[in-house]
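Notes follow the structure.
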2 protein chains.
Amino acid sequence: MNTDTKFYRLAIIGVGLIGGSLARALRLADACTDVIGYGRNVAHLKKAVSLGVIDDFKTDVAAAVKDADMVVVSVPLGAMSTVFKQMLPALSRDATITDVGSAKASVMNDARKHLGERMFSFVPGHPIAGTEKSGVEASTADLFKNRCVILTPLEETGSIALQRVRAMWELTGAEVVEMEPHHHDEVLAATSHLPHILAYSLVDTLARSAQGEEIFRFAAGGFRDFTRIASSDPVMWRDICLANRDAILGILGKYTNDLEQLAKAIKSGDGDFILKSFSQAKQQRDRILVKIPPTST
Amino acid sequence: MNTDTKFYRLAIIGVGLIGGSLARALRLADACTDVIGYGRNVAHLKKAVSLGVIDDFKTDVAAAVKDADMVVVSVPLGAMSTVFKQMLPALSRDATITDVGSAKASVMNDARKHLGERMFSFVPGHPIAGTEKSGVEASTADLFKNRCVILTPLEETGSIALQRVRAMWELTGAEVVEMEPHHHDEVLAATSHLPHILAYSLVDTLARSAQGEEIFRFAAGGFRDFTRIASSDPVMWRDICLANRDAILGILGKYTNDLEQLAKAIKSGDGDFILKSFSQAKQQRDRILVKIPPTST
């Protein structure tokens, strides 16, 4: 093993599902002896200690990153900016910084604003893994196994930092790919952000209808699976909508246009149009199904 | 057991997932000794015989229903009318007829048009069960266990017929409820038909985009579950869209209005609006989750 990939003090800034799972995976891989967690809720942090996810915690970002070799920022996108600002003065000279945010252009902007001359140590990242559950209680050491982690290195990103972050994710069993930040945001808007918005919106629409109670009584497994992601953390997803608004509005616009065409076909009884659209979708979905891992968001 | 609930010759008109599963469940319950299947594809019918789902088959509706005590019509909605028309002259005096269509007002109209004086023997029904898989190969004896079956008896429906169909479904382990046909159609448009349309439409939109291949490469479990129902039978779902168009267009209109509000909030950066909508949805979804059975559509 490349000794560069061994870091000794890991700081997890935001000990939730993702941060907690990464800590567990890296402990299991013997990649760190010391994990410090940062958070605002002391009860959650104590829980994380009692679960063996972190060794100790701080409620101050600067204190948490002090002496850390690897700093992983896993807070909602709306909190990134403040966290970067608070950590800069306390970062050790050798610290590599990465994040796990679901949109990358906004993180890039936040980092450029606040990490200053330390941008060479910063590697934006996004593990394509998770579940609709949130919080450290849901964290598992194998969450990233055989999952994809997208890194979006910037012009400023140093090659050593990139190599260290890549090696870290590989220790969790993930496959690491690199992508341009705006391209990442477009791809994720389509496969992840839009479906979440559609699912949240459907449940909300039905819940607010006069027959809400009865409607849900007759919901079956199709509805259950379609709306699973509507049980995700609302704050995290609000922040994603705001951080990735351009890409989301772009694909949402295309989608609603297509949906309108389908509605017109239903209205006019154009069975051929409907059948063609459904058949194409089924064919694609059956084709790609084998490639999608079963239990993550 | 009420001896009325024991029927001796079952005719399954359309031996697919639902018809096949019903035949399996009733055989297991010893409710019939003789199951005749009707279909147009001889290879499928032979497969159904070899799987032990039916004893024999006919490719002529009239021949299949001759001497049957219980006739279950489980063809796509667009084929109902022809099937009713073809069976009428051959129905035995004691035959009870039911169907499993996902929309009930259209079946009601088709039946009234073609079943004439035998309407007293007809009980419209809809088992809220299924999977995205189709065909007799996917059929199982426990598909309806602890699932809900909605019967929508009409003014013409005789009480003996209703009792027989109710008893038949109870033998499969299902819970039977009664509902007015148009009301059924509104409830199912919301919980089942709309989600299917949204899922088909999303996969189709993404597949036709320039980055389709790459987009699907980064799809994870959330996308997988959201789109599971887009692997359903396109002919069946085209027919549902056409048969239940008014109820579907009604709820689709409400949904797209709400989605437009959400898009506006994303565009204007109204985080409070987004958070409120997502939080309400999560709360409702978590609340109803415990009541939804896990593996059926």
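Note on naming: chains are A, B, ... as they come in the structure tokens, residues start from 1 per chain, ligands start from 1 in the order shown.
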
Selection near A:Gln86, 12 Å with only C-alpha atoms, sequence-local residues under 6 positions removed, as a count of residues only
16

Members of stretch 145-210 of chain A assigned alpha helix (DSSP H) by DSSP, as a PyMOL selection string:
chain A and resi 159-171+181-188+194-207

Go ahead and save the picked residues with N, CA and C atoms, as a short mmCIF file (atom, residue, chain, number, x, y, z; two decimals), in the first residue's frame.
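Okay, again.cif is ready:
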```
data_model
loop_
_atom_site.label_atom_id
_atom_site.label_comp_id
_atom_site.auth_asym_id
_atom_site.auth_seq_id
_atom_site.Cartn_x
_atom_site.Cartn_y
_atom_site.Cartn_z
N SER A 159 -2.07 17.39 -7.26
CA SER A 159 -2.12 15.97 -7.62
C SER A 159 -1.96 15.07 -6.39
N ILE A 160 -1.23 15.54 -5.39
CA ILE A 160 -1.07 14.71 -4.19
C ILE A 160 -2.39 14.62 -3.43
N ALA A 161 -3.06 15.74 -3.32
CA ALA A 161 -4.37 15.75 -2.64
C ALA A 161 -5.34 14.83 -3.39
N LEU A 162 -5.35 14.93 -4.72
CA LEU A 162 -6.26 14.09 -5.51
C LEU A 162 -5.95 12.62 -5.28
N GLN A 163 -4.68 12.28 -5.28
CA GLN A 163 -4.28 10.90 -5.09
C GLN A 163 -4.69 10.39 -3.69
N ARG A 164 -4.54 11.25 -2.69
CA ARG A 164 -4.90 10.83 -1.33
C ARG A 164 -6.41 10.57 -1.19
N VAL A 165 -7.19 11.45 -1.81
CA VAL A 165 -8.65 11.30 -1.68
C VAL A 165 -9.13 10.08 -2.48
N ARG A 166 -8.54 9.90 -3.66
CA ARG A 166 -8.86 8.73 -4.45
C ARG A 166 -8.54 7.45 -3.66
N ALA A 167 -7.37 7.43 -3.06
CA ALA A 167 -6.95 6.24 -2.29
C ALA A 167 -7.88 6.01 -1.10
N MET A 168 -8.30 7.09 -0.47
CA MET A 168 -9.22 6.96 0.67
C MET A 168 -10.51 6.26 0.26
N TRP A 169 -11.09 6.71 -0.85
CA TRP A 169 -12.36 6.11 -1.29
C TRP A 169 -12.16 4.68 -1.75
N GLU A 170 -11.02 4.41 -2.36
CA GLU A 170 -10.77 3.03 -2.81
C GLU A 170 -10.70 2.07 -1.61
N LEU A 171 -10.23 2.59 -0.48
CA LEU A 171 -10.18 1.75 0.73
C LEU A 171 -11.58 1.34 1.20
N PRO A 181 -17.03 19.48 -12.77
CA PRO A 181 -18.09 19.79 -11.81
C PRO A 181 -19.47 20.07 -12.42
N HIS A 182 -19.52 20.93 -13.46
CA HIS A 182 -20.84 21.25 -14.03
C HIS A 182 -21.45 20.04 -14.70
N HIS A 183 -20.61 19.20 -15.27
CA HIS A 183 -21.13 17.99 -15.90
C HIS A 183 -21.70 17.05 -14.84
N HIS A 184 -20.96 16.92 -13.74
CA HIS A 184 -21.48 16.13 -12.60
C HIS A 184 -22.88 16.62 -12.22
N ASP A 185 -23.01 17.93 -12.13
CA ASP A 185 -24.27 18.50 -11.66
C ASP A 185 -25.43 18.21 -12.62
N GLU A 186 -25.13 18.18 -13.92
CA GLU A 186 -26.18 17.85 -14.90
C GLU A 186 -26.58 16.38 -14.83
N VAL A 187 -25.57 15.53 -14.70
CA VAL A 187 -25.85 14.08 -14.63
C VAL A 187 -26.66 13.76 -13.37
N LEU A 188 -26.24 14.33 -12.24
CA LEU A 188 -26.94 14.03 -10.99
C LEU A 188 -28.31 14.69 -10.92
N LEU A 194 -33.84 15.20 -9.80
CA LEU A 194 -35.19 15.24 -10.36
C LEU A 194 -36.10 14.16 -9.76
N PRO A 195 -35.68 12.89 -9.72
CA PRO A 195 -36.54 11.88 -9.08
C PRO A 195 -36.92 12.23 -7.64
N HIS A 196 -36.00 12.77 -6.87
CA HIS A 196 -36.35 13.15 -5.50
C HIS A 196 -37.44 14.23 -5.50
N ILE A 197 -37.28 15.23 -6.36
CA ILE A 197 -38.28 16.30 -6.43
C ILE A 197 -39.65 15.75 -6.84
N LEU A 198 -39.66 14.86 -7.83
CA LEU A 198 -40.93 14.28 -8.30
C LEU A 198 -41.59 13.45 -7.20
N ALA A 199 -40.80 12.72 -6.45
CA ALA A 199 -41.37 11.87 -5.40
C ALA A 199 -41.90 12.70 -4.23
N TYR A 200 -41.10 13.68 -3.78
CA TYR A 200 -41.57 14.57 -2.71
C TYR A 200 -42.87 15.24 -3.16
N SER A 201 -42.88 15.74 -4.39
CA SER A 201 -44.01 16.51 -4.86
C SER A 201 -45.27 15.64 -4.96
N LEU A 202 -45.10 14.40 -5.38
CA LEU A 202 -46.27 13.51 -5.49
C LEU A 202 -46.89 13.26 -4.11
N VAL A 203 -46.06 12.91 -3.14
CA VAL A 203 -46.60 12.62 -1.80
C VAL A 203 -47.28 13.87 -1.25
N ASP A 204 -46.66 15.02 -1.45
CA ASP A 204 -47.23 16.26 -0.93
C ASP A 204 -48.57 16.56 -1.61
N THR A 205 -48.63 16.42 -2.93
CA THR A 205 -49.88 16.65 -3.66
C THR A 205 -51.00 15.75 -3.15
N LEU A 206 -50.70 14.47 -3.01
CA LEU A 206 -51.73 13.52 -2.57
C LEU A 206 -52.13 13.77 -1.12
N ALA A 207 -51.16 14.08 -0.28
CA ALA A 207 -51.46 14.30 1.14
C ALA A 207 -52.38 15.50 1.31
#
```

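Checking A:His44, A:Met119, A:Ser92, A:Gly78 one by one against chain B, counting only C-alpha atoms, you find the shortest gap at A:Gly78.
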
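Across A:Leu151, A:Ile229, A:Leu26, A:Met236, the tightest approach to B:Arg285 is made by A:Ile229 when counting only C-alpha atoms.
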